[in-house]
>>> print(open('upload-v4.csv').read())   # CSV, C-alpha atoms and all ligand atoms
chain,number,residue,atom,x,y,z
A,20,MET,CA,0.0,0.0,0.0
A,21,SER,CA,1.4,3.4,-0.9
A,22,GLU,CA,2.1,5.9,1.8
A,23,ARG,CA,-0.6,8.1,0.3
A,24,ILE,CA,-3.4,5.5,0.6
A,25,ALA,CA,-2.3,4.5,4.1
A,26,ASN,CA,-2.5,8.2,5.1
A,27,TRP,CA,-5.9,8.7,3.5
A,28,ILE,CA,-7.3,5.6,5.2
A,29,THR,CA,-5.9,6.5,8.6
A,30,LYS,CA,-7.3,10.0,8.4
A,31,ALA,CA,-10.7,8.8,7.1
A,32,SER,CA,-10.9,6.4,10.0
A,33,ARG,CA,-11.6,9.5,12.2
A,34,ALA,CA,-15.1,9.5,10.6
A,35,ALA,CA,-18.1,9.1,12.8
A,36,SER,CA,-19.8,5.7,13.4
A,37,GLY,CA,-22.7,4.6,15.6
A,38,GLY,CA,-21.3,3.5,19.0
A,39,ASN,CA,-17.8,4.2,17.5
A,40,ALA,CA,-18.0,0.7,16.0
A,41,GLN,CA,-15.9,1.7,13.0
A,42,PRO,CA,-17.5,-1.0,10.8
A,43,TRP,CA,-15.5,-0.3,7.6
A,44,ASP,CA,-13.9,-2.8,5.3
A,45,ILE,CA,-11.7,-1.1,2.8
A,46,GLN,CA,-10.3,-2.3,-0.6
A,47,PHE,CA,-8.3,0.0,-2.9
A,48,GLU,CA,-6.4,0.2,-6.1
A,49,GLU,CA,-4.0,2.9,-7.3
A,50,ILE,CA,-2.8,3.3,-10.9
A,51,ASN,CA,-1.0,6.4,-12.0
A,52,SER,CA,-3.2,9.3,-11.3
A,53,GLN,CA,-6.3,7.3,-10.3
A,54,ILE,CA,-7.3,5.8,-6.9
A,55,ALA,CA,-10.3,3.7,-6.3
A,56,PHE,CA,-11.9,2.4,-3.0
A,57,ARG,CA,-14.5,-0.1,-2.3
A,58,ILE,CA,-16.1,0.3,1.1
A,59,SER,CA,-18.4,-2.3,2.7
A,60,ILE,CA,-19.5,-3.4,6.2
A,61,ASP,CA,-16.7,-5.2,8.1
A,62,LYS,CA,-17.5,-9.0,8.4
A,63,GLN,CA,-16.1,-9.2,11.9
A,64,TYR,CA,-18.4,-6.4,13.1
A,65,GLN,CA,-21.3,-8.2,11.3
A,66,ARG,CA,-20.9,-11.2,13.6
A,67,ASP,CA,-22.2,-9.1,16.6
A,68,PRO,CA,-23.7,-5.9,15.3
A,69,SER,CA,-25.4,-3.3,17.5
A,70,ILE,CA,-29.2,-3.7,17.9
A,71,MET,CA,-29.4,0.0,16.8
A,72,ASP,CA,-27.8,-1.0,13.4
A,73,VAL,CA,-31.2,-2.0,11.9
A,74,ALA,CA,-30.7,-3.9,8.7
A,75,GLY,CA,-27.2,-2.4,8.5
A,76,VAL,CA,-28.6,1.2,8.1
A,77,ALA,CA,-26.3,2.7,10.7
A,78,SER,CA,-23.2,1.0,9.2
A,79,ALA,CA,-24.2,2.0,5.6
A,80,LEU,CA,-24.6,5.5,7.0
A,81,SER,CA,-21.1,5.4,8.5
A,82,ILE,CA,-19.8,4.4,5.1
A,83,GLY,CA,-21.2,7.7,4.0
A,84,CYS,CA,-19.3,9.4,6.8
A,85,PHE,CA,-16.1,7.7,5.8
A,86,GLY,CA,-16.7,8.7,2.2
A,87,ARG,CA,-17.0,12.4,3.3
A,88,TYR,CA,-13.7,12.2,5.1
A,89,LEU,CA,-12.0,10.5,2.2
A,90,VAL,CA,-13.2,13.3,-0.2
A,91,GLY,CA,-11.8,15.9,2.2
A,92,VAL,CA,-8.5,14.2,2.7
A,93,ALA,CA,-8.1,13.5,-1.0
A,94,LEU,CA,-8.7,17.2,-1.9
A,95,LEU,CA,-5.7,18.1,0.3
A,96,ASP,CA,-3.6,15.9,-2.0
A,97,ASN,CA,-5.1,17.4,-5.2
A,98,PHE,CA,-7.4,14.5,-5.9
A,99,HIS,CA,-11.1,14.8,-6.5
A,100,LEU,CA,-14.0,12.4,-6.6
A,101,VAL,CA,-14.9,11.7,-10.2
A,102,ASN,CA,-17.2,8.7,-9.9
A,103,LYS,CA,-19.4,6.8,-7.4
A,104,LYS,CA,-20.8,3.3,-7.7
A,105,PHE,CA,-23.5,1.8,-5.5
A,106,ASN,CA,-23.3,-2.0,-5.5
A,107,ASP,CA,-26.8,-2.3,-3.9
A,108,LEU,CA,-27.7,-6.0,-3.4
A,109,ASN,CA,-30.9,-5.1,-1.6
A,110,ASP,CA,-29.2,-6.2,1.6
A,111,LEU,CA,-27.0,-3.5,3.1
A,112,TRP,CA,-24.8,-6.0,4.9
A,113,SER,CA,-23.4,-7.4,1.7
A,114,SER,CA,-23.5,-4.2,-0.4
A,115,SER,CA,-20.6,-1.9,-1.1
A,116,VAL,CA,-19.8,1.6,-2.4
A,117,GLU,CA,-17.0,2.4,-4.8
A,118,LEU,CA,-15.4,5.8,-5.1
A,119,LEU,CA,-13.0,6.8,-7.8
A,120,PHE,CA,-10.6,9.7,-7.4
A,121,GLU,CA,-8.4,11.4,-10.0
A,122,LYS,CA,-5.5,13.8,-9.7
A,123,ASN,CA,-6.4,17.5,-10.3
A,124,ASN,CA,-4.3,19.9,-12.2
A,125,MET,CA,-5.1,22.5,-9.7
A,126,GLN,CA,-2.5,25.3,-9.3
A,127,SER,CA,-1.3,26.0,-5.8
A,128,ASN,CA,-2.9,29.5,-5.8
A,129,GLU,CA,-6.2,28.0,-6.8
A,130,LYS,CA,-5.9,25.4,-4.0
A,131,ASN,CA,-5.1,28.1,-1.5
A,132,SER,CA,-8.1,30.1,-2.6
A,133,LEU,CA,-10.3,27.1,-1.7
A,134,LYS,CA,-9.0,27.4,1.9
A,135,LEU,CA,-8.9,23.6,2.2
A,136,GLN,CA,-8.8,22.2,5.7
A,137,GLU,CA,-8.3,18.7,7.0
A,138,PRO,CA,-11.8,17.3,7.8
A,139,PHE,CA,-12.4,17.3,11.6
A,140,HIS,CA,-15.4,16.6,13.8
A,141,GLN,CA,-16.1,15.6,17.4
A,142,THR,CA,-19.0,14.7,19.6
A,143,ASN,CA,-19.7,17.0,22.5
A,144,ARG,CA,-22.3,15.5,24.9
A,145,TYR,CA,-22.1,18.3,27.5
A,146,PRO,CA,-24.6,21.1,27.9
A,147,TYR,CA,-24.2,24.0,25.4
A,148,LYS,CA,-25.1,27.6,25.8
A,149,LYS,CA,-28.8,28.5,25.2
A,150,ILE,CA,-28.2,31.2,22.6
A,151,PRO,CA,-29.7,31.2,19.1
A,152,LEU,CA,-27.8,30.1,16.1
A,153,ASP,CA,-26.5,32.7,13.7
A,154,LYS,CA,-29.2,33.1,11.0
A,155,LEU,CA,-26.7,33.2,8.1
A,156,PHE,CA,-25.1,30.0,9.3
A,157,GLU,CA,-28.5,28.3,9.7
A,158,LYS,CA,-29.1,29.2,6.0
A,159,GLN,CA,-25.7,27.8,5.0
A,160,LEU,CA,-26.5,24.5,6.7
A,161,GLU,CA,-29.8,24.2,5.0
A,162,GLU,CA,-28.3,25.1,1.7
A,163,ARG,CA,-25.6,22.4,2.1
A,164,ALA,CA,-28.2,19.7,3.0
A,165,SER,CA,-30.4,20.7,0.0
A,166,ARG,CA,-27.6,19.4,-2.4
A,167,TYR,CA,-28.7,15.8,-1.5
A,168,SER,CA,-31.8,14.6,-3.4
A,169,THR,CA,-32.2,11.5,-1.3
A,170,VAL,CA,-32.0,13.3,2.1
A,171,LYS,CA,-34.1,16.0,3.7
A,172,LEU,CA,-33.1,18.3,6.6
A,173,HIS,CA,-35.8,19.2,9.1
A,174,ARG,CA,-35.4,22.1,11.5
A,175,ILE,CA,-37.0,21.1,14.8
A,176,ASN,CA,-39.0,23.4,17.0
A,177,LYS,CA,-37.4,22.7,20.4
A,178,GLU,CA,-40.4,24.0,22.3
A,179,ASP,CA,-42.8,21.6,20.7
A,180,VAL,CA,-44.2,19.4,23.4
A,181,ASN,CA,-45.0,16.6,21.0
A,182,PHE,CA,-41.4,16.5,19.8
A,183,ARG,CA,-40.2,16.3,23.4
A,184,LYS,CA,-42.6,13.5,24.2
A,185,ALA,CA,-41.6,11.5,21.2
A,186,LEU,CA,-37.9,11.8,22.0
A,187,ASN,CA,-38.5,11.0,25.6
A,188,ASN,CA,-40.5,7.8,24.6
A,189,LEU,CA,-37.7,6.5,22.4
A,190,GLU,CA,-35.1,7.3,25.1
A,191,THR,CA,-37.2,5.4,27.6
A,192,VAL,CA,-37.1,2.3,25.4
A,193,ARG,CA,-33.4,2.7,24.9
A,194,TRP,CA,-32.9,2.6,28.7
A,195,THR,CA,-35.5,0.0,29.7
A,196,ASN,CA,-35.5,-2.7,26.9
A,197,TYR,CA,-33.0,-5.4,27.8
A,198,ASN,CA,-31.6,-5.8,24.3
A,199,PHE,CA,-31.1,-2.0,23.8
A,200,LEU,CA,-29.6,-1.6,27.3
A,201,GLU,CA,-27.2,-4.4,26.7
A,202,SER,CA,-26.1,-2.9,23.5
A,203,LEU,CA,-25.8,0.6,25.0
A,204,PHE,CA,-23.6,-0.7,27.8
A,205,LYS,CA,-21.5,-2.7,25.4
A,206,GLU,CA,-20.6,0.3,23.4
A,207,ILE,CA,-19.5,2.3,26.5
A,208,THR,CA,-15.9,1.6,27.4
A,209,THR,CA,-14.4,2.0,30.8
A,210,SER,CA,-10.7,1.3,30.1
A,211,ASP,CA,-8.3,3.7,28.5
A,212,THR,CA,-6.8,1.1,26.2
A,213,GLU,CA,-9.9,0.2,24.1
A,214,GLN,CA,-9.8,1.3,20.5
A,215,LEU,CA,-13.6,0.9,19.9
A,216,GLY,CA,-16.6,2.2,21.6
A,217,ILE,CA,-17.4,5.4,23.6
A,218,PRO,CA,-15.2,6.2,26.6
A,219,VAL,CA,-17.4,6.7,29.7
A,220,THR,CA,-15.5,9.9,30.3
A,221,GLN,CA,-17.0,11.3,27.1
A,222,LEU,CA,-20.6,10.9,28.0
A,223,GLY,CA,-21.0,14.3,29.4
A,224,ILE,CA,-22.0,13.0,32.9
A,225,SER,CA,-20.7,13.4,36.4
A,226,PHE,CA,-18.1,11.3,38.0
A,227,LEU,CA,-20.7,9.7,40.2
A,228,GLU,CA,-22.9,8.8,37.2
A,229,GLN,CA,-19.8,7.4,35.4
A,230,ASN,CA,-19.4,5.0,38.3
A,231,PHE,CA,-23.1,4.0,38.1
A,232,ILE,CA,-22.6,3.2,34.4
A,233,LYS,CA,-19.4,1.2,35.2
A,234,PHE,CA,-21.3,-0.8,37.9
A,235,PHE,CA,-24.3,-1.5,35.6
A,236,LYS,CA,-22.0,-2.5,32.8
A,237,ASN,CA,-20.7,-5.3,35.0
A,238,ASN,CA,-24.1,-6.1,36.6
A,239,LEU,CA,-26.4,-5.8,33.7
A,240,ASP,CA,-29.3,-7.8,35.2
A,241,LEU,CA,-29.3,-5.7,38.4
A,242,GLY,CA,-29.0,-2.5,36.3
A,243,PHE,CA,-31.9,-3.7,34.1
A,244,SER,CA,-34.1,-4.3,37.2
A,245,MET,CA,-33.3,-1.0,38.8
A,246,LEU,CA,-33.9,1.0,35.7
A,247,ASN,CA,-37.2,-0.8,35.1
A,248,PHE,CA,-38.1,-0.2,38.7
A,249,GLY,CA,-38.1,3.5,38.1
A,250,LEU,CA,-34.5,4.6,38.0
A,251,HIS,CA,-34.8,5.1,34.2
A,252,LYS,CA,-37.0,8.2,34.6
A,253,ALA,CA,-34.3,10.5,36.0
A,254,THR,CA,-31.8,9.3,33.3
A,255,VAL,CA,-34.2,9.6,30.4
A,256,GLN,CA,-35.4,13.0,31.6
A,257,LYS,CA,-31.9,14.3,32.0
A,258,ASN,CA,-30.7,13.0,28.6
A,259,THR,CA,-33.7,14.4,26.8
A,260,GLU,CA,-33.6,17.7,28.5
A,261,ASN,CA,-29.9,18.1,27.9
A,262,PHE,CA,-30.3,17.3,24.2
A,263,LEU,CA,-33.4,19.6,23.8
A,264,THR,CA,-32.7,22.6,26.0
A,265,ASN,CA,-29.0,23.0,26.2
A,266,CYS,CA,-28.3,23.9,22.6
A,267,SER,CA,-29.0,26.5,20.0
A,268,GLN,CA,-30.8,24.4,17.4
A,269,ILE,CA,-31.9,20.8,16.6
A,270,TYR,CA,-32.1,19.2,13.2
A,271,PHE,CA,-33.1,15.8,12.0
A,272,LEU,CA,-32.0,14.3,8.6
A,273,GLN,CA,-34.4,12.0,6.9
A,274,ALA,CA,-33.5,9.5,4.2
A,275,ASN,CA,-36.0,8.7,1.5
A,276,ASP,CA,-35.7,4.9,1.9
A,277,PHE,CA,-33.5,2.0,2.9
A,278,SER,CA,-31.5,1.9,-0.4
A,279,LEU,CA,-27.7,1.9,-0.2
A,280,GLN,CA,-27.5,5.3,-1.9
A,281,SER,CA,-30.1,6.9,0.5
A,282,CYS,CA,-28.2,5.6,3.6
A,283,PHE,CA,-24.8,6.5,2.2
A,284,ASP,CA,-26.0,10.0,1.3
A,285,LEU,CA,-27.6,10.4,4.7
A,286,GLY,CA,-24.2,9.6,6.3
A,287,TYR,CA,-22.3,11.8,3.8
A,288,CYS,CA,-24.5,14.8,4.3
A,289,PHE,CA,-24.6,14.3,8.1
A,290,GLN,CA,-20.8,14.2,8.3
A,291,ASP,CA,-20.5,17.1,5.9
A,292,LEU,CA,-22.8,19.3,8.1
A,293,TRP,CA,-20.9,18.1,11.2
A,294,ILE,CA,-17.5,19.1,9.8
A,295,GLU,CA,-19.0,22.5,8.8
A,296,VAL,CA,-20.5,23.0,12.3
A,297,ASN,CA,-17.2,22.2,14.0
A,298,SER,CA,-15.2,24.3,11.6
A,299,GLN,CA,-17.3,27.3,12.9
A,300,LYS,CA,-16.2,26.4,16.5
A,301,LEU,CA,-19.7,25.2,17.3
A,302,SER,CA,-20.4,21.9,19.1
A,303,PHE,CA,-22.4,18.9,17.8
A,304,GLN,CA,-24.1,15.8,19.2
A,305,PRO,CA,-26.0,13.2,17.2
A,306,ASN,CA,-29.2,11.6,18.3
A,307,GLY,CA,-29.8,8.1,17.0
A,308,ASN,CA,-33.1,7.5,18.9
A,309,GLY,CA,-34.8,7.0,15.5
A,310,PHE,CA,-33.1,3.7,15.2
A,311,VAL,CA,-35.1,2.4,18.2
A,312,ALA,CA,-38.3,3.0,16.3
A,313,LEU,CA,-36.7,1.7,13.0
A,314,ALA,CA,-35.9,-1.6,14.8
A,315,TYR,CA,-39.6,-2.1,15.5
A,316,TRP,CA,-41.0,-0.9,12.1
A,317,HIS,CA,-38.4,-3.0,10.2
A,318,ALA,CA,-39.4,-6.2,11.9
A,319,PRO,CA,-42.7,-5.7,13.8
A,320,ASN,CA,-43.0,-9.5,14.5
A,321,ASN,CA,-39.6,-9.7,16.1
A,322,LYS,CA,-40.4,-10.3,19.8
A,323,ILE,CA,-37.8,-8.0,21.3
A,324,PHE,CA,-40.4,-5.3,22.4
A,325,ASN,CA,-43.1,-5.7,25.0
A,326,PRO,CA,-46.6,-4.2,24.4
A,327,LYS,CA,-45.8,-1.1,26.5
A,328,GLU,CA,-42.6,-0.4,24.4
A,329,ILE,CA,-44.5,-1.0,21.2
A,330,SER,CA,-47.1,1.6,22.3
A,331,LEU,CA,-44.3,4.1,23.1
A,332,ILE,CA,-42.8,3.6,19.7
A,333,GLU,CA,-46.2,3.9,17.9
A,334,ASP,CA,-46.9,7.0,19.8
A,335,SER,CA,-43.6,8.6,19.0
A,336,THR,CA,-44.0,7.7,15.3
A,337,GLN,CA,-47.3,9.4,15.2
A,338,LEU,CA,-46.2,12.5,17.2
A,339,LEU,CA,-43.1,13.1,15.0
A,340,THR,CA,-45.1,12.8,11.8
A,341,GLN,CA,-47.5,15.5,13.2
A,342,SER,CA,-44.9,17.8,14.8
A,343,SER,CA,-42.0,17.6,12.3
A,344,GLU,CA,-43.1,15.5,9.3
A,345,LEU,CA,-40.4,13.0,10.3
A,346,ASN,CA,-41.0,9.4,9.2
A,347,LEU,CA,-39.6,7.0,11.8
A,348,LYS,CA,-40.4,4.1,9.5
A,349,ALA,CA,-37.4,5.2,7.3
A,350,PRO,CA,-33.9,6.1,8.4
A,351,VAL,CA,-33.5,9.3,10.4
A,352,LEU,CA,-30.6,10.8,12.3
A,353,GLY,CA,-30.8,13.9,14.5
A,354,PHE,CA,-28.3,16.3,16.0
A,355,ARG,CA,-28.1,19.4,18.2
A,356,VAL,CA,-25.7,22.2,17.6
A,357,GLY,CA,-24.6,25.0,19.9
A,358,TYR,CA,-21.9,27.1,21.5
A,359,SER,CA,-19.7,25.5,24.2
A,360,ASP,CA,-16.2,26.1,25.6
A,361,LYS,CA,-15.7,22.5,26.7
A,362,VAL,CA,-12.6,20.9,25.4
A,363,ILE,CA,-13.2,17.3,24.4
A,364,PRO,CA,-10.4,14.7,24.0
A,365,LEU,CA,-10.3,12.7,20.8
A,366,SER,CA,-12.2,9.5,20.9
A,367,PRO,CA,-10.2,6.3,20.2
A,368,ARG,CA,-9.9,4.5,16.8
A,369,LYS,CA,-8.5,1.1,15.9
A,370,PRO,CA,-5.8,1.0,13.2
A,371,LEU,CA,-7.5,0.5,9.8
A,372,LYS,CA,-5.8,-1.1,6.8
A,373,GLY,CA,-7.1,-1.6,3.3
A,374,ARG,CA,-6.6,-4.5,0.9
A,375,LEU,CA,-5.4,-4.2,-2.7
A,376,GLU,CA,-8.1,-5.2,-5.1
A,377,ASN,CA,-7.0,-5.5,-8.7
A,378,GLY,CA,-9.5,-4.4,-11.3
A,379,LEU,CA,-11.4,-1.9,-9.1
A,380,ILE,CA,-10.4,1.1,-11.3
A,381,ASN,CA,-11.2,-0.8,-14.5
A,382,SER,CA,-14.7,-1.5,-13.3
A,383,PHE,CA,-15.4,2.2,-13.4
A,384,SER,CA,-14.2,2.5,-17.0
A,385,LEU,CA,-16.6,-0.3,-17.9
A,386,ILE,CA,-19.6,1.7,-16.6
A,387,ARG,CA,-18.3,4.8,-18.5
A,388,ILE,CA,-18.2,2.8,-21.7
A,389,LYS,CA,-21.6,1.4,-21.1
A,390,SER,CA,-23.2,4.7,-20.3
A,391,ASN,CA,-21.6,6.4,-23.4
B,1,LIG,C1,-25.4,6.5,13.0
B,1,LIG,C2,-24.8,7.2,14.2
B,1,LIG,C3,-25.6,7.3,15.4
B,1,LIG,C4,-25.1,8.0,16.5
B,1,LIG,N1,-25.9,8.1,17.6
B,1,LIG,C5,-25.5,8.8,18.7
B,1,LIG,C6,-26.3,9.0,19.8
B,1,LIG,O1,-27.5,8.6,19.8
B,1,LIG,N2,-25.8,9.8,20.8
B,1,LIG,C7,-24.6,10.3,20.8
B,1,LIG,O2,-24.2,10.9,21.8
B,1,LIG,N3,-23.7,10.0,19.8
B,1,LIG,C8,-24.1,9.3,18.7
B,1,LIG,N4,-23.3,9.2,17.6
B,1,LIG,C9,-21.9,9.6,17.7
B,1,LIG,C10,-20.9,8.5,17.8
B,1,LIG,O3,-21.1,7.9,19.1
B,1,LIG,C11,-19.5,9.0,17.6
B,1,LIG,O4,-19.4,9.4,16.2
B,1,LIG,C12,-18.5,8.0,17.9
B,1,LIG,O5,-18.5,7.6,19.2
B,1,LIG,C13,-17.0,8.5,17.5
B,1,LIG,O6,-16.8,9.7,18.3
B,1,LIG,P1,-16.4,11.1,17.6
B,1,LIG,O7,-17.5,11.2,16.5
B,1,LIG,O8,-16.5,12.1,18.6
B,1,LIG,O9,-15.1,10.9,17.0
B,1,LIG,C14,-23.8,8.5,16.5
B,1,LIG,C15,-23.0,8.5,15.3
B,1,LIG,C16,-23.5,7.9,14.2
B,1,LIG,C17,-22.7,7.8,12.9
>>> encode(input="upload-v4.csv", output="structure tokens")
Amino acid sequence: MSERIANWITKASRAASGGNAQPWDIQFEEINSQIAFRISIDKQYQRDPSIMDVAGVASALSIGCFGRYLVGVALLDNFHLVNKKFNDLNDLWSSSVELLFEKNNMQSNEKNSLKLQEPFHQTNRYPYKKIPLDKLFEKQLEERASRYSTVKLHRINKEDVNFRKALNNLETVRWTNYNFLESLFKEITTSDTEQLGIPVTQLGISFLEQNFIKFFKNNLDLGFSMLNFGLHKATVQKNTENFLTNCSQIYFLQANDFSLQSCFDLGYCFQDLWIEVNSQKLSFQPNGNGFVALAYWHAPNNKIFNPKEISLIEDSTQLLTQSSELNLKAPVLGFRVGYSDKVIPLSPRKPLKGRLENGLINSFSLIRIKSN
């Protein structure tokens, strides 16, 4: 592998992924001034995926996040994206996305005028200041999102009681359903040496709460009983309030459908907005609660939910359709943005390597010939 490709892959592995699972499998080929990648969902991750990763949607979305990073890193090396191929097998787990890059003839003064910056983003789960977002910046975000035909950006009215209730319901299921709780605790890491997952120190909670999480992680059945006995209420209320009130603005991105392109575009657009938000020194936190509802709607006969949870999900789905025109039966991903002075350490990543795949570049010229 050339130094250039190794560098691109390492930098792109900073992309976001649900639960910091980093579920990417990378193949590549480099010939002269062309570089191609094929990105699919890592087989090792697929052996024990997160319950939030419904039908591989969260992973496909993370492939979009990875794609956005690759495009940003490639530009710094004078390469730009010239072609994209979606190998959509109607099953996201076995599908893949191919990206073809070509070297630019951009002059250095042209490059300087673009003010290219290395892509960067971070999750900030702490409270943000409650001041409104700059109107011009709001417009810029909306304009950026409107470039994606398969994705729609919804600005949320934070004061809407229906929206609050819907988010609260989904958070309740996340903290009281055994399968979701198990998955939540699995993705939180308590040791400094782990390269996957979310460090407990980055959850935006107090030292005491961190110790509760550590205890529950090691005593899941007891934690489950206590949360279901009523302890979940305070946690759910705190998380929902922090997300809804301690920020400037909330948005949700909605994908058209479950197709590979829609999920990839959702992730690409999401990561693009996130990089933009952070580049303006604003903070950002995703909200993946929509995946709780998606898990039900994707497989309503799967027995993981009890009747009370089903009613909470049905209620949320109806409330969000009414309040924000969001459709929880298709992929959605939310986020809050706001001003904060909190310095957040970088979250961990595992080393990521690609594999050489001869013929990748050629497969693009075949489509070009076909389409001519
Ligand atoms: C599909 C998806 C869903 C996510 N859901 C949440 C969420 O519900 N809450 C949260 O705090 N972060 C969420 N995140 C953020 C990830 O946890 C975060 O990207 C990952 O831990 C890596 O950390 P970093 O983005 O700060 O580098 C989500 C990210 C993605 C891509």
>>> closest_residue(input="upload-v4.csv", among="A:Glu206, A:Asp153, A:Glu344, A:Asp61", to="ligand LIG 1 (chain B)", atoms="all atoms listed in the file")
A:Glu206
>>> atom_distance(input="upload-v4.csv", atom1="atom CA of Gly307 of chain A", atom2="atom CA of Gln141 of chain A")
15.6 Å
>>> residues_around(input="upload-v4.csv", residues="segment 209-224 of chain A", least_positions_apart="4", cutoff="12 Å", atoms="all atoms listed in the file", output="ChimeraX atom specification")
/A:32-33,35-42,64,69,141-147,202-205,228-237,254,257-258,261-262,304,361-371
>>> write_last_selection(input="upload-v4.csv", atoms="C-alpha atoms", output="PDB file, keeping the file's coordinate frame")
ATOM      1  CA  SER A  32     -10.900   6.400  10.000  1.00  0.00           C
ATOM      2  CA  ARG A  33     -11.600   9.500  12.200  1.00  0.00           C
ATOM      3  CA  ALA A  35     -18.100   9.100  12.800  1.00  0.00           C
ATOM      4  CA  SER A  36     -19.800   5.700  13.400  1.00  0.00           C
ATOM      5  CA  GLY A  37     -22.700   4.600  15.600  1.00  0.00           C
ATOM      6  CA  GLY A  38     -21.300   3.500  19.000  1.00  0.00           C
ATOM      7  CA  ASN A  39     -17.800   4.200  17.500  1.00  0.00           C
ATOM      8  CA  ALA A  40     -18.000   0.700  16.000  1.00  0.00           C
ATOM      9  CA  GLN A  41     -15.900   1.700  13.000  1.00  0.00           C
ATOM     10  CA  PRO A  42     -17.500  -1.000  10.800  1.00  0.00           C
ATOM     11  CA  TYR A  64     -18.400  -6.400  13.100  1.00  0.00           C
ATOM     12  CA  SER A  69     -25.400  -3.300  17.500  1.00  0.00           C
ATOM     13  CA  GLN A 141     -16.100  15.600  17.400  1.00  0.00           C
ATOM     14  CA  THR A 142     -19.000  14.700  19.600  1.00  0.00           C
ATOM     15  CA  ASN A 143     -19.700  17.000  22.500  1.00  0.00           C
ATOM     16  CA  ARG A 144     -22.300  15.500  24.900  1.00  0.00           C
ATOM     17  CA  TYR A 145     -22.100  18.300  27.500  1.00  0.00           C
ATOM     18  CA  PRO A 146     -24.600  21.100  27.900  1.00  0.00           C
ATOM     19  CA  TYR A 147     -24.200  24.000  25.400  1.00  0.00           C
ATOM     20  CA  SER A 202     -26.100  -2.900  23.500  1.00  0.00           C
ATOM     21  CA  LEU A 203     -25.800   0.600  25.000  1.00  0.00           C
ATOM     22  CA  PHE A 204     -23.600  -0.700  27.800  1.00  0.00           C
ATOM     23  CA  LYS A 205     -21.500  -2.700  25.400  1.00  0.00           C
ATOM     24  CA  GLU A 228     -22.900   8.800  37.200  1.00  0.00           C
ATOM     25  CA  GLN A 229     -19.800   7.400  35.400  1.00  0.00           C
ATOM     26  CA  ASN A 230     -19.400   5.000  38.300  1.00  0.00           C
ATOM     27  CA  PHE A 231     -23.100   4.000  38.100  1.00  0.00           C
ATOM     28  CA  ILE A 232     -22.600   3.200  34.400  1.00  0.00           C
ATOM     29  CA  LYS A 233     -19.400   1.200  35.200  1.00  0.00           C
ATOM     30  CA  PHE A 234     -21.300  -0.800  37.900  1.00  0.00           C
ATOM     31  CA  PHE A 235     -24.300  -1.500  35.600  1.00  0.00           C
ATOM     32  CA  LYS A 236     -22.000  -2.500  32.800  1.00  0.00           C
ATOM     33  CA  ASN A 237     -20.700  -5.300  35.000  1.00  0.00           C
ATOM     34  CA  THR A 254     -31.800   9.300  33.300  1.00  0.00           C
ATOM     35  CA  LYS A 257     -31.900  14.300  32.000  1.00  0.00           C
ATOM     36  CA  ASN A 258     -30.700  13.000  28.600  1.00  0.00           C
ATOM     37  CA  ASN A 261     -29.900  18.100  27.900  1.00  0.00           C
ATOM     38  CA  PHE A 262     -30.300  17.300  24.200  1.00  0.00           C
ATOM     39  CA  GLN A 304     -24.100  15.800  19.200  1.00  0.00           C
ATOM     40  CA  LYS A 361     -15.700  22.500  26.700  1.00  0.00           C
ATOM     41  CA  VAL A 362     -12.600  20.900  25.400  1.00  0.00           C
ATOM     42  CA  ILE A 363     -13.200  17.300  24.400  1.00  0.00           C
ATOM     43  CA  PRO A 364     -10.400  14.700  24.000  1.00  0.00           C
ATOM     44  CA  LEU A 365     -10.300  12.700  20.800  1.00  0.00           C
ATOM     45  CA  SER A 366     -12.200   9.500  20.900  1.00  0.00           C
ATOM     46  CA  PRO A 367     -10.200   6.300  20.200  1.00  0.00           C
ATOM     47  CA  ARG A 368      -9.900   4.500  16.800  1.00  0.00           C
ATOM     48  CA  LYS A 369      -8.500   1.100  15.900  1.00  0.00           C
ATOM     49  CA  PRO A 370      -5.800   1.000  13.200  1.00  0.00           C
ATOM     50  CA  LEU A 371      -7.500   0.500   9.800  1.00  0.00           C
TER      51      LEU A 371
END
>>> residues_around(input="upload-v4.csv", residues="segment 193-199 of chain A", least_positions_apart="5", cutoff="10 Å", atoms="only C-alpha atoms", output="MDAnalysis selection string")
chainID A and resid 69:71 187:188 204:205 239:240 242:252 254:255 308 310:312 323:325 328
>>> residues_near_point(input="upload-v4.csv", point="(-16.9, 23.3, 18.9)", cutoff="7 Å", atoms="only C-alpha atoms", output="number ranges by chain")
A: 297, 300-302, 358-359
>>> closest_residue(input="upload-v4.csv", among="A:Lys62, A:His140, A:Arg355, A:Lys103", to="ligand LIG 1 (chain B)", atoms="all atoms listed in the file")
A:His140
>>> closest_residue(input="upload-v4.csv", among="A:Ala314, A:Ala25, A:Ala34, A:Cys288", to="ligand LIG 1 (chain B)", atoms="all atoms listed in the file")
A:Ala34
>>> residues_around(input="upload-v4.csv", residues="Trp112 of chain A", least_positions_apart="4", cutoff="10 Å", atoms="only C-alpha atoms", output="ChimeraX atom specification")
/A:59-62,65,74-76,78-79,107-108,279
>>> closest_residue(input="upload-v4.csv", among="A:Asp276, A:Glu49, A:Asp44, A:Glu190", to="ligand LIG 1 (chain B)", atoms="only C-alpha atoms and all ligand atoms")
A:Glu190
>>> residues_near_point(input="upload-v4.csv", point="(-27.8, 18.0, 9.3)", cutoff="12 Å", atoms="all atoms listed in the file", output="VMD selection string")
chain A and resid 157 to 167 170 to 175 268 to 274 284 to 296 303 to 306 351 to 356
